[in-house]
Structures are given as C-alpha cells and as structure tokens.
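Colleague: Below you'll find entry23.txt; it's compact mmCIF, C-alpha atoms.
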```
# COMPACT_ATOMS: atom_id res chain seq x y z
CA MET A 30 -9.37 17.39 19.53
CA LEU A 31 -8.25 15.26 16.59
CA ARG A 32 -8.51 17.04 13.27
CA LEU A 33 -9.07 15.15 10.00
CA HIS A 34 -7.96 16.76 6.74
CA ASP A 35 -10.50 15.17 4.47
CA HIS A 36 -12.73 15.08 1.40
CA LEU A 37 -16.26 13.79 1.92
CA ALA A 38 -16.47 11.68 -1.26
CA SER A 39 -13.08 10.07 -0.62
CA GLY A 40 -13.19 6.42 0.40
CA ASN A 41 -9.75 6.86 1.93
CA GLY A 42 -11.11 9.65 4.12
CA TYR A 43 -14.21 7.58 4.87
CA LYS A 44 -12.09 4.72 6.25
CA VAL A 45 -10.86 7.06 8.98
CA ARG A 46 -14.30 8.65 9.62
CA LEU A 47 -15.86 5.20 9.96
CA LEU A 48 -13.28 3.94 12.45
CA LEU A 49 -13.41 7.18 14.48
CA ALA A 50 -17.22 6.89 14.63
CA GLN A 51 -17.01 3.27 15.79
CA LEU A 52 -14.38 4.17 18.37
CA GLY A 53 -16.61 7.00 19.60
CA THR A 54 -13.71 9.42 19.18
CA PRO A 55 -14.73 13.03 18.50
CA PHE A 56 -12.90 14.87 15.73
CA GLU A 57 -13.20 17.95 13.59
CA ARG A 58 -13.10 17.74 9.84
CA ILE A 59 -11.52 20.09 7.31
CA GLU A 60 -12.89 19.66 3.79
CA TYR A 61 -10.62 20.09 0.74
CA ASP A 62 -11.57 20.54 -2.89
CA LEU A 63 -9.39 17.91 -4.58
CA VAL A 64 -10.35 18.83 -8.12
CA ASN A 65 -9.12 22.37 -7.58
CA GLY A 66 -5.83 21.22 -6.10
CA GLU A 67 -6.36 22.40 -2.52
CA THR A 68 -4.10 19.60 -1.22
CA ARG A 69 -1.27 20.53 -3.59
CA THR A 70 -0.61 24.03 -2.29
CA GLU A 71 2.79 25.00 -0.92
CA VAL A 72 1.36 25.38 2.60
CA PHE A 73 -0.42 22.00 2.57
CA VAL A 74 2.66 20.17 1.31
CA ARG A 75 4.86 21.90 3.88
CA ASP A 76 2.60 21.72 6.94
CA VAL A 77 0.21 18.81 6.40
CA ASN A 78 1.41 16.13 3.98
CA PRO A 79 4.58 16.22 1.85
CA ASN A 80 2.75 13.93 -0.57
CA GLY A 81 -0.09 16.43 -1.13
CA ARG A 82 -3.03 14.14 -0.40
CA ILE A 83 -5.85 13.61 2.08
CA PRO A 84 -6.71 12.04 4.48
CA VAL A 85 -4.31 13.36 7.08
CA LEU A 86 -4.85 12.99 10.82
CA GLU A 87 -3.64 15.96 12.85
CA LEU A 88 -3.01 15.35 16.55
CA ASP A 89 -3.59 17.86 19.35
CA ASP A 90 0.08 18.81 19.29
CA GLY A 91 0.03 19.52 15.55
CA ARG A 92 1.87 16.38 14.42
CA THR A 93 0.38 14.93 11.25
CA LEU A 94 -0.01 11.39 9.96
CA ALA A 95 -0.86 10.65 6.32
CA GLU A 96 -1.97 7.54 4.38
CA SER A 97 -5.41 6.18 5.23
CA ASN A 98 -4.23 2.71 6.20
CA ALA A 99 -1.43 4.04 8.41
CA ILE A 100 -4.00 6.24 10.17
CA LEU A 101 -6.34 3.25 10.62
CA TRP A 102 -3.49 1.22 12.13
CA TYR A 103 -2.46 4.09 14.43
CA LEU A 104 -6.02 4.59 15.70
CA ALA A 105 -6.90 0.89 16.00
CA GLU A 106 -3.81 -0.14 17.96
CA GLY A 107 -4.94 -1.51 21.32
CA THR A 108 -8.62 -1.63 20.31
CA ALA A 109 -10.92 -4.46 19.18
CA TYR A 110 -10.49 -3.38 15.54
CA LEU A 111 -6.89 -4.66 15.31
CA PRO A 112 -6.09 -8.17 16.59
CA ASP A 113 -3.40 -8.64 19.23
CA GLU A 114 -2.17 -11.97 17.87
CA HIS A 115 1.05 -11.66 15.86
CA PHE A 116 0.06 -13.59 12.72
CA ALA A 117 -3.44 -12.10 12.61
CA ARG A 118 -1.85 -8.64 12.68
CA GLY A 119 0.29 -9.64 9.71
CA GLN A 120 -2.80 -10.83 7.84
CA THR A 121 -4.61 -7.59 8.65
CA LEU A 122 -1.80 -5.60 7.09
CA GLN A 123 -1.61 -8.04 4.16
CA TRP A 124 -5.20 -7.25 3.16
CA MET A 125 -4.69 -3.53 3.72
CA CYS A 126 -1.66 -3.63 1.40
CA PHE A 127 -3.73 -5.58 -1.15
CA GLU A 128 -6.33 -2.82 -0.93
CA GLN A 129 -3.83 -0.05 -1.63
CA TYR A 130 -2.02 -1.87 -4.42
CA ASN A 131 -4.60 -3.98 -6.27
CA HIS A 132 -7.96 -2.46 -5.39
CA GLU A 133 -7.79 1.29 -4.81
CA PRO A 134 -5.66 2.33 -7.84
CA ASN A 135 -8.17 0.60 -10.11
CA ILE A 136 -11.62 0.85 -8.52
CA ALA A 137 -11.21 4.16 -6.68
CA THR A 138 -9.38 5.88 -9.51
CA VAL A 139 -11.99 4.97 -12.14
CA ARG A 140 -14.74 6.08 -9.73
CA PHE A 141 -12.99 9.42 -9.11
CA TRP A 142 -12.56 10.06 -12.83
CA THR A 143 -16.18 9.03 -13.49
CA MET A 144 -17.56 11.27 -10.73
CA HIS A 145 -15.54 14.39 -11.47
CA GLY A 146 -15.24 14.22 -15.23
CA GLN A 147 -12.19 16.48 -15.30
CA VAL A 148 -9.71 13.99 -16.73
CA ASP A 149 -9.88 13.41 -20.49
CA LEU A 150 -10.64 9.70 -20.76
CA SER A 151 -10.37 9.54 -24.55
CA GLY A 152 -7.21 8.64 -26.45
CA TRP A 153 -4.72 6.44 -24.59
CA ARG A 154 -6.76 6.66 -21.39
CA THR A 155 -9.49 4.60 -23.07
CA GLU A 156 -7.09 1.68 -22.84
CA LEU A 157 -5.95 2.74 -19.37
CA VAL A 158 -9.52 2.73 -18.03
CA ALA A 159 -10.17 -0.66 -19.67
CA ASP A 160 -7.00 -1.99 -18.02
CA LYS A 161 -8.05 -0.60 -14.65
CA ARG A 162 -11.48 -2.19 -15.07
CA ARG A 163 -9.84 -5.57 -15.74
CA GLN A 164 -7.56 -5.20 -12.73
CA GLY A 165 -10.38 -3.92 -10.50
CA HIS A 166 -12.50 -6.96 -11.36
CA ALA A 167 -9.48 -9.20 -10.72
CA ALA A 168 -9.23 -7.69 -7.22
CA LEU A 169 -12.95 -8.24 -6.62
CA ALA A 170 -12.56 -11.85 -7.80
CA VAL A 171 -9.72 -12.41 -5.29
CA MET A 172 -12.00 -11.09 -2.53
CA GLU A 173 -14.95 -13.22 -3.71
CA GLU A 174 -12.83 -16.36 -3.66
CA TYR A 175 -11.15 -15.61 -0.32
CA LEU A 176 -14.37 -14.72 1.51
CA ALA A 177 -16.03 -18.05 0.62
CA GLY A 178 -16.68 -19.66 3.99
CA ARG A 179 -15.39 -16.62 5.88
CA ALA A 180 -17.37 -13.90 7.66
CA PHE A 181 -14.53 -11.33 7.59
CA PHE A 182 -11.00 -11.06 6.15
CA VAL A 183 -9.05 -11.80 9.31
CA ALA A 184 -9.66 -13.97 12.38
CA GLU A 185 -13.40 -14.24 11.68
CA ARG A 186 -14.04 -10.84 13.16
CA TYR A 187 -14.53 -7.28 11.98
CA THR A 188 -11.14 -5.50 11.74
CA ILE A 189 -9.56 -2.52 10.01
CA ALA A 190 -8.86 -4.85 7.07
CA ASP A 191 -12.63 -4.94 6.50
CA ILE A 192 -12.90 -1.17 6.93
CA ALA A 193 -10.09 -0.60 4.40
CA LEU A 194 -11.65 -2.91 1.80
CA TYR A 195 -15.25 -1.84 2.43
CA ALA A 196 -14.54 1.82 1.69
CA TYR A 197 -14.16 1.58 -2.08
CA THR A 198 -15.92 -1.76 -2.63
CA HIS A 199 -19.33 -0.54 -1.51
CA VAL A 200 -19.17 2.44 -3.87
CA ALA A 201 -17.58 0.52 -6.76
CA PRO A 202 -20.82 0.79 -8.81
CA GLU A 203 -20.28 4.59 -8.85
CA GLY A 204 -17.26 3.81 -11.03
CA GLY A 205 -19.24 1.40 -13.20
CA PHE A 206 -18.11 -1.78 -11.44
CA ASP A 207 -21.10 -4.12 -11.32
CA LEU A 208 -21.06 -6.14 -8.08
CA ASP A 209 -23.70 -8.65 -9.23
CA PRO A 210 -21.08 -11.32 -10.07
CA TYR A 211 -19.77 -11.19 -6.48
CA PRO A 212 -22.52 -12.50 -4.14
CA THR A 213 -20.06 -13.41 -1.37
CA VAL A 214 -18.59 -9.91 -1.47
CA ARG A 215 -22.10 -8.43 -1.37
CA ALA A 216 -23.01 -10.52 1.68
CA TRP A 217 -19.80 -9.33 3.37
CA LEU A 218 -20.66 -5.69 2.52
CA GLU A 219 -23.99 -6.13 4.33
CA ARG A 220 -22.21 -7.72 7.27
CA VAL A 221 -19.84 -4.75 7.51
CA ALA A 222 -22.68 -2.23 7.17
CA SER A 223 -24.53 -3.90 10.07
CA GLN A 224 -21.65 -3.48 12.53
CA PRO A 225 -22.40 -1.35 15.61
CA GLY A 226 -21.69 2.33 15.05
CA HIS A 227 -21.54 2.08 11.25
CA VAL A 228 -21.91 5.38 9.41
CA PRO A 229 -22.38 6.00 5.67
CA ILE A 230 -19.69 7.58 3.48
CA SER A 231 -21.69 10.77 2.99
CA ARG A 232 -21.70 11.69 6.67
CA GLY A 233 -19.20 14.38 7.60
CA MET B 14 12.71 -23.01 8.96
CA LEU B 15 11.07 -19.98 7.34
CA ARG B 16 10.49 -20.37 3.63
CA LEU B 17 10.40 -17.39 1.28
CA HIS B 18 8.52 -17.71 -2.01
CA ASP B 19 10.55 -15.26 -4.03
CA HIS B 20 12.04 -13.93 -7.26
CA LEU B 21 15.65 -12.78 -7.09
CA ALA B 22 15.25 -9.62 -9.21
CA SER B 23 12.16 -8.52 -7.26
CA GLY B 24 12.65 -5.52 -5.01
CA ASN B 25 9.62 -6.64 -3.03
CA GLY B 26 11.32 -10.00 -2.40
CA TYR B 27 14.58 -8.20 -1.64
CA LYS B 28 12.96 -6.18 1.15
CA VAL B 29 12.27 -9.42 3.01
CA ARG B 30 15.68 -10.98 2.21
CA LEU B 31 17.44 -7.84 3.46
CA LEU B 32 15.54 -7.73 6.76
CA LEU B 33 15.99 -11.48 7.33
CA ALA B 34 19.73 -11.09 6.72
CA GLN B 35 19.95 -8.19 9.17
CA LEU B 36 17.93 -10.12 11.75
CA GLY B 37 20.25 -13.10 11.27
CA THR B 38 17.22 -15.32 10.65
CA PRO B 39 17.91 -18.35 8.44
CA PHE B 40 15.41 -19.10 5.67
CA GLU B 41 15.10 -21.14 2.53
CA ARG B 42 14.16 -19.54 -0.74
CA ILE B 43 11.95 -20.83 -3.54
CA GLU B 44 12.52 -19.05 -6.84
CA TYR B 45 9.62 -18.43 -9.25
CA ASP B 46 9.71 -17.44 -12.90
CA LEU B 47 7.33 -14.48 -12.94
CA VAL B 48 7.44 -13.95 -16.68
CA ASN B 49 6.19 -17.50 -17.25
CA GLY B 50 3.37 -17.12 -14.75
CA GLU B 51 4.64 -19.54 -12.10
CA THR B 52 2.85 -17.52 -9.38
CA ARG B 53 -0.48 -17.61 -11.23
CA THR B 54 -0.99 -21.38 -11.23
CA GLU B 55 -4.03 -22.95 -9.60
CA VAL B 56 -1.87 -24.55 -6.90
CA PHE B 57 0.01 -21.34 -6.05
CA VAL B 58 -3.20 -19.31 -5.80
CA ARG B 59 -4.86 -21.98 -3.65
CA ASP B 60 -1.95 -22.84 -1.33
CA VAL B 61 0.39 -19.85 -1.26
CA ASN B 62 -1.20 -16.51 -2.16
CA PRO B 63 -4.77 -15.92 -3.40
CA ASN B 64 -3.43 -12.81 -5.13
CA GLY B 65 -0.90 -14.79 -7.22
CA ARG B 66 2.24 -12.82 -6.34
CA ILE B 67 5.54 -13.13 -4.54
CA PRO B 68 6.99 -12.53 -2.00
CA VAL B 69 5.18 -14.84 0.39
CA LEU B 70 6.55 -15.88 3.77
CA GLU B 71 5.70 -19.44 4.75
CA LEU B 72 5.94 -20.29 8.45
CA ASP B 73 7.02 -23.65 9.91
CA ASP B 74 3.39 -24.66 10.32
CA GLY B 75 2.58 -23.92 6.67
CA ARG B 76 0.68 -20.66 7.23
CA THR B 77 1.49 -18.06 4.60
CA LEU B 78 1.73 -14.28 4.68
CA ALA B 79 1.78 -12.19 1.50
CA GLU B 80 2.56 -8.54 0.67
CA SER B 81 6.16 -7.44 1.18
CA ASN B 82 5.38 -4.64 3.61
CA ALA B 83 3.09 -6.83 5.73
CA ILE B 84 5.89 -9.41 5.91
CA LEU B 85 8.39 -6.70 6.93
CA TRP B 86 6.05 -5.53 9.68
CA TYR B 87 5.45 -9.09 10.90
CA LEU B 88 9.18 -9.87 11.06
CA ALA B 89 10.26 -6.53 12.51
CA GLU B 90 7.73 -6.44 15.37
CA GLY B 91 9.66 -6.37 18.65
CA THR B 92 13.02 -5.73 16.95
CA ALA B 93 15.13 -2.58 16.49
CA TYR B 94 13.85 -2.24 12.90
CA LEU B 95 10.34 -1.13 13.98
CA PRO B 96 10.01 1.61 16.62
CA ASP B 97 7.99 0.95 19.79
CA GLU B 98 6.64 4.47 20.08
CA HIS B 99 3.05 4.82 18.87
CA PHE B 100 3.39 7.81 16.56
CA ALA B 101 6.72 6.63 15.12
CA ARG B 102 5.02 3.32 14.24
CA GLY B 103 2.32 5.26 12.42
CA GLN B 104 4.96 7.21 10.50
CA THR B 105 6.76 3.99 9.60
CA LEU B 106 3.58 2.61 8.08
CA GLN B 107 2.84 5.97 6.40
CA TRP B 108 6.08 5.77 4.42
CA MET B 109 5.56 2.09 3.62
CA CYS B 110 2.09 2.92 2.25
CA PHE B 111 3.62 5.77 0.23
CA GLU B 112 6.08 3.25 -1.18
CA GLN B 113 3.38 0.84 -2.31
CA TYR B 114 1.07 3.49 -3.72
CA ASN B 115 3.25 6.25 -5.18
CA HIS B 116 6.65 4.67 -5.71
CA GLU B 117 6.45 0.97 -6.56
CA PRO B 118 3.65 1.04 -9.19
CA ASN B 119 5.66 3.60 -11.15
CA ILE B 120 9.36 2.94 -10.59
CA ALA B 121 9.25 -0.84 -10.08
CA THR B 122 6.74 -1.46 -12.86
CA VAL B 123 8.74 0.49 -15.46
CA ARG B 124 11.92 -1.33 -14.31
CA PHE B 125 10.20 -4.73 -14.63
CA TRP B 126 8.92 -3.95 -18.11
CA THR B 127 12.35 -2.60 -19.13
CA MET B 128 14.21 -5.63 -17.81
CA HIS B 129 11.93 -8.34 -19.18
CA GLY B 130 10.81 -6.78 -22.43
CA GLN B 131 7.72 -8.97 -22.67
CA VAL B 132 5.10 -6.23 -22.47
CA ASP B 133 4.47 -4.30 -25.68
CA LEU B 134 5.30 -0.71 -24.71
CA SER B 135 4.23 0.82 -27.99
CA GLY B 136 0.74 2.24 -28.67
CA TRP B 137 -1.18 3.47 -25.62
CA ARG B 138 1.50 2.18 -23.27
CA THR B 139 3.90 4.83 -24.62
CA GLU B 140 1.73 7.34 -22.76
CA LEU B 141 1.34 5.00 -19.79
CA VAL B 142 5.11 4.67 -19.38
CA ALA B 143 5.55 8.45 -19.72
CA ASP B 144 2.88 8.92 -17.04
CA LYS B 145 4.59 6.41 -14.76
CA ARG B 146 7.90 8.20 -15.30
CA ARG B 147 6.30 11.49 -14.27
CA GLN B 148 4.74 9.93 -11.19
CA GLY B 149 7.92 8.05 -10.28
CA HIS B 150 9.92 11.27 -10.40
CA ALA B 151 7.24 12.96 -8.32
CA ALA B 152 7.70 10.25 -5.67
CA LEU B 153 11.48 10.70 -5.75
CA ALA B 154 11.00 14.46 -5.37
CA VAL B 155 8.84 13.91 -2.27
CA MET B 156 11.61 11.75 -0.81
CA GLU B 157 14.31 14.30 -1.71
CA GLU B 158 12.40 17.09 -0.01
CA TYR B 159 11.48 15.08 3.09
CA LEU B 160 14.98 13.71 3.67
CA ALA B 161 16.54 17.18 3.75
CA GLY B 162 18.01 17.44 7.24
CA ARG B 163 17.04 13.88 8.10
CA ALA B 164 19.23 10.76 8.21
CA PHE B 165 16.33 8.30 7.82
CA PHE B 166 12.58 8.42 7.22
CA VAL B 167 11.41 7.84 10.80
CA ALA B 168 12.78 8.72 14.23
CA GLU B 169 16.30 9.41 12.87
CA ARG B 170 17.10 5.71 12.78
CA TYR B 171 17.14 2.89 10.25
CA THR B 172 13.73 1.17 10.14
CA ILE B 173 11.66 -1.00 7.81
CA ALA B 174 10.42 2.24 6.20
CA ASP B 175 13.97 2.70 4.88
CA ILE B 176 14.16 -0.93 3.78
CA ALA B 177 10.84 -0.64 1.93
CA LEU B 178 11.88 2.55 0.11
CA TYR B 179 15.47 1.47 -0.54
CA ALA B 180 14.46 -1.68 -2.42
CA TYR B 181 13.25 -0.05 -5.64
CA THR B 182 14.99 3.32 -5.26
CA HIS B 183 18.51 1.95 -5.48
CA VAL B 184 17.70 0.04 -8.69
CA ALA B 185 15.57 2.84 -10.20
CA PRO B 186 18.27 3.50 -12.88
CA GLU B 187 17.55 -0.02 -14.21
CA GLY B 188 14.17 1.38 -15.21
CA GLY B 189 15.71 4.51 -16.69
CA PHE B 190 15.16 6.75 -13.67
CA ASP B 191 18.20 9.00 -13.35
CA LEU B 192 18.97 9.66 -9.68
CA ASP B 193 21.39 12.54 -10.36
CA PRO B 194 18.76 15.20 -9.52
CA TYR B 195 18.29 13.68 -6.04
CA PRO B 196 21.55 14.13 -4.07
CA THR B 197 19.82 13.82 -0.69
CA VAL B 198 18.22 10.56 -1.75
CA ARG B 199 21.59 9.30 -3.02
CA ALA B 200 23.26 10.12 0.32
CA TRP B 201 20.45 8.24 2.11
CA LEU B 202 20.93 5.24 -0.23
CA GLU B 203 24.60 5.12 0.82
CA ARG B 204 23.59 5.40 4.47
CA VAL B 205 21.20 2.45 4.10
CA ALA B 206 23.79 0.38 2.21
CA SER B 207 26.30 0.92 5.02
CA GLN B 208 24.03 -0.53 7.73
CA PRO B 209 25.36 -3.63 9.54
CA GLY B 210 24.39 -6.85 7.79
CA HIS B 211 23.41 -5.19 4.52
CA VAL B 212 23.19 -7.55 1.53
CA PRO B 213 22.79 -6.69 -2.16
CA ILE B 214 19.61 -7.45 -4.11
CA SER B 215 21.32 -10.13 -6.19
CA ARG B 216 22.10 -12.37 -3.23
CA GLY B 217 19.75 -15.32 -2.86
```
Could you rewrite the structure in this file as structure tokens?
Modeller:
Amino acid sequence: MLRLHDHLASGNGYKVRLLLAQLGTPFERIEYDLVNGETRTEVFVRDVNPNGRIPVLELDDGRTLAESNAILWYLAEGTAYLPDEHFARGQTLQWMCFEQYNHEPNIATVRFWTMHGQVDLSGWRTELVADKRRQGHAALAVMEEYLAGRAFFVAERYTIADIALYAYTHVAPEGGFDLDPYPTVRAWLERVASQPGHVPISRG
Amino acid sequence: MLRLHDHLASGNGYKVRLLLAQLGTPFERIEYDLVNGETRTEVFVRDVNPNGRIPVLELDDGRTLAESNAILWYLAEGTAYLPDEHFARGQTLQWMCFEQYNHEPNIATVRFWTMHGQVDLSGWRTELVADKRRQGHAALAVMEEYLAGRAFFVAERYTIADIALYAYTHVAPEGGFDLDPYPTVRAWLERVASQPGHVPISRG
C-alpha cells in the first residue's frame, strides 16, 4: 500500500491526500510533528527525504518521492486530473510552479508561523512578514485576474493545477489573508470544493 | 520560429537557452530590462505572462508558456533530456521543485541583488540576506550529500533536473556563495558543462 509521510495541517500534504481520495487510491499516513523537527532527523533525511520535509510518497518497494507537486504529477499521470495534450500539460506545470514560487512561500509560510507561534516575528521579521503579505496578495491578484472568464486554471477542467493552488488558498485566512477582495478566486474555491470525491484538509 | 522572452543574465532564462541549444532548436530572443520593470508593463502582463516575469516561451501560434521549469518540461518531453520511466520522471520533477523552492529564492535572489545593486540591503534586509545565505548553503549541502556516488540527479544520466540546478549553482559565486566546501557539486558542474552542445550563460 502507498504510504504518505505527512502532517495533517500541511497544505502540501493535503494536496496529495486530496488527489489520492479523488483517485480512490488507498494509502496509509504517517504523521510528523514539524515544530519539533521530526522531519529533520538523521534517519528521515537518510531514508525518506534528503531535504528533510514532508510530504513524501513511499511506494510499495520502499522508493520515496518528495515535493508535493512532483507527487501530484506522478500520481495524476494517465488520469483525468492531468491533461494529455502537450501544451495543456505545460500550462498545468506553469501554474504549479507559480504556486511553489509565488504563492506558497508567502501565504503558507505566514499561515504556518501564525498557527504555530514558535518563530519570533518581531524585529526584522516584522518587515519580512509585511513583505510576504504584499507578495501573497500579489499572487492572489494574479489568480483573480487570470480566472476571470475561466472555470479552472487549465483547459477549462479540474486538474492538479487547481489542487495545488486550492491547498493554501482556501486556508489563506488562517494566515490573516482576507479573501474578500477576490470574488473570482472565491467562486473558483467553491467550484473546486464541489468536485466529486473532495475531502477537507483536516481529514487524515 | 520559437520566441523566448528573456534576460541574458537570468539563470531561469539560461535554463531554456541551454536546452534549446542542446536540442538544436532555433529560436529568437527578446531581451527585457528587468531592473527597469519591462516585464511588469500592462501589455506584458496581458499578452505575455500574467505573473510579469521572464522567461516566457512563445509558440508560432502566439500561445505563451511561463515558468522556466514548465518550459523545460514542455520542450524536453519525448527527448533524451526527460526520462520515459514513470518514477524517474517523478524524481526529475522532485529536483526541479527543490530548485525553485529551496535553491533559487536564496541563491539566485542574493545574486540578483548583488549584481544590480538597486535593492537597499541595509536595515531589515541585512538579516534577510543572512537568512537567504544560510538557506542557500543548506540547499547546496543537500546537493553535495545527494550527489555522493552519483553522476547526475536522476537515473545516472543528464536530464532537465541537472539543467535546472546547474543554472544558478554555477554562478552562485556571483552572489557570494563560495563553492569550495562542495567538491562533489563542483565535479558535477564540470560534468554538466562537458555535455555535448553546452553553451555558457552569457550567450544570447
């Protein structure tokens, strides 16, 4: 059985859980305490992910694959969640790269710091958080503009690009990002949440 | 003919130029002045990339694809630079995601700021740069460890994962990152630079 090295509050882990649920693929989940460094141990770095992070997908034969979007791509290949057409595949990866570069480091990081409260956000990090808020809102504005007149990010259908971007957008308010200024994004969030087999982030 | 919206000093642009050179695919290049915001204009954002960044690949029919690693994937599909085997493809994308999340935002950003000198790096950004240096070295250390006993990142052959990671690693000293502590990485850099059809970053 597939094994997911995971953390329940992680949007990156949730991306994989959501796709696995929609694919109807059974898996077992191993929960890690990120705040206490359980993914930074010598054993984890050696046997699971050299980069010391979850999620990691472990196959039946023990091989491991890290990086949420690489796992999504691996699992979605040959399914309805990843288009076959060459250019549409490129666009799918384009929006997944946008998510990891422009969205996640700002919106997810501020949410993580806000939820766990273990990082000292005074001093220079006051400016850092303000900068991440600006950049997070810039990413949301790009999404708002792009989704105008579109149902989904790629090929007018639900793909892993939507899963990747949904994960941290729908919980952005937990990091203090108000979604009121983004009605098109909010309509898209509802569209994603109404897809067959959808599961919430809190479900292990 | 393919058209690449580009900036010559950009490692992200270089990834695409390098692969196109090795594929023997002709293309024309449009150079943008990033410091003066030429990729943030209303026309660029509307017609080229909603996210206001280069590189962007423009096809003969005018369709555009953004994000360097998505462009690499699109161009490499069906060629020797992207494995056919399912798990090896996942690993290729894993290392490309690592590059965009752990490597580029630290090493490339510090290099860009160092080269252009337009961002005020005093005040809170003194700490930000120090943090990016720490994280950049952490990424280099992950590469050093992983490459021990390996010739390349995936499947013991040169792939777009190597191209993606080479782009900003080989110019890391321009951002003040000393590569002396990473002999395995330096040997891999030489291996990549000796691949057939290799071109330097400065070649337009």
Colleague: Residues of chain A within 7 Å of chain B: nearest atom pair and distance (Å, one decimal) for each, counting all atoms listed in the file, sorted by chain and number, as CSV?
Modeller:
```
residue,atom,partner,partner_atom,distance
A:Pro79,CA,B:Val155,CA,6.4
A:Asn80,CA,B:Val155,CA,6.3
A:Leu94,CA,B:Gln104,CA,6.5
A:Ala95,CA,B:Gln107,CA,6.0
A:Glu96,CA,B:Gln107,CA,5.4
A:Ala99,CA,B:Gln107,CA,5.1
A:Ile100,CA,B:Gly103,CA,6.8
A:Tyr103,CA,B:Gly103,CA,5.3
A:Gly119,CA,B:Tyr87,CA,5.3
A:Gln120,CA,B:Leu78,CA,6.5
A:Leu122,CA,B:Ala83,CA,5.2
A:Gln123,CA,B:Ala83,CA,5.1
A:Cys126,CA,B:Glu80,CA,6.5
A:Gln129,CA,B:Tyr114,CA,6.4
A:Tyr130,CA,B:Tyr114,CA,6.2
A:Trp153,CA,B:Trp137,CA,4.7
A:Glu156,CA,B:Trp137,CA,6.8
A:Val171,CA,B:Asn64,CA,6.3
```
Colleague: What is the CA of Gly210 in chain B to CA of Ala34 in chain B distance in Å?
Modeller: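 These two atoms are separated by 6.4 Å.
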Colleague: Taking the point (12.8, 0.4, -16.4) as given in the file, collect each protein or nucleic acid residue that comes within 12 Å of it, counting only C-alpha atoms, and present the set as a CSV table (one decimal) with C-alpha atoms, keeping the file's coordinate frame.
Modeller:
```
chain,number,residue,atom,x,y,z
B,117,GLU,CA,6.4,1.0,-6.6
B,118,PRO,CA,3.6,1.0,-9.2
B,119,ASN,CA,5.7,3.6,-11.2
B,120,ILE,CA,9.4,2.9,-10.6
B,121,ALA,CA,9.2,-0.8,-10.1
B,122,THR,CA,6.7,-1.5,-12.9
B,123,VAL,CA,8.7,0.5,-15.5
B,124,ARG,CA,11.9,-1.3,-14.3
B,125,PHE,CA,10.2,-4.7,-14.6
B,126,TRP,CA,8.9,-4.0,-18.1
B,127,THR,CA,12.4,-2.6,-19.1
B,128,MET,CA,14.2,-5.6,-17.8
B,129,HIS,CA,11.9,-8.3,-19.2
B,130,GLY,CA,10.8,-6.8,-22.4
B,132,VAL,CA,5.1,-6.2,-22.5
B,134,LEU,CA,5.3,-0.7,-24.7
B,142,VAL,CA,5.1,4.7,-19.4
B,143,ALA,CA,5.6,8.4,-19.7
B,145,LYS,CA,4.6,6.4,-14.8
B,146,ARG,CA,7.9,8.2,-15.3
B,149,GLY,CA,7.9,8.0,-10.3
B,181,TYR,CA,13.2,0.0,-5.6
B,182,THR,CA,15.0,3.3,-5.3
B,184,VAL,CA,17.7,0.0,-8.7
B,185,ALA,CA,15.6,2.8,-10.2
B,186,PRO,CA,18.3,3.5,-12.9
B,187,GLU,CA,17.6,0.0,-14.2
B,188,GLY,CA,14.2,1.4,-15.2
B,189,GLY,CA,15.7,4.5,-16.7
B,190,PHE,CA,15.2,6.8,-13.7
B,191,ASP,CA,18.2,9.0,-13.4
```
Colleague: When you count only C-alpha atoms, which of these residues is closest to Leu194 in chain A: A:Val228, A:Leu208, A:Leu49, A:Leu218?
Modeller: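 Among A:Val228, A:Leu208, A:Leu49, A:Leu218, it is A:Leu218 that comes nearest to Leu194 in chain A.
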Colleague: If you count all atoms listed in the file, which residues fall within 8 Å of Ala180 in chain A, apart from same-chain ones fewer than 5 positions away, as JSON, numbers by chain?
Modeller: {"A": [185, 186, 217, 220]}
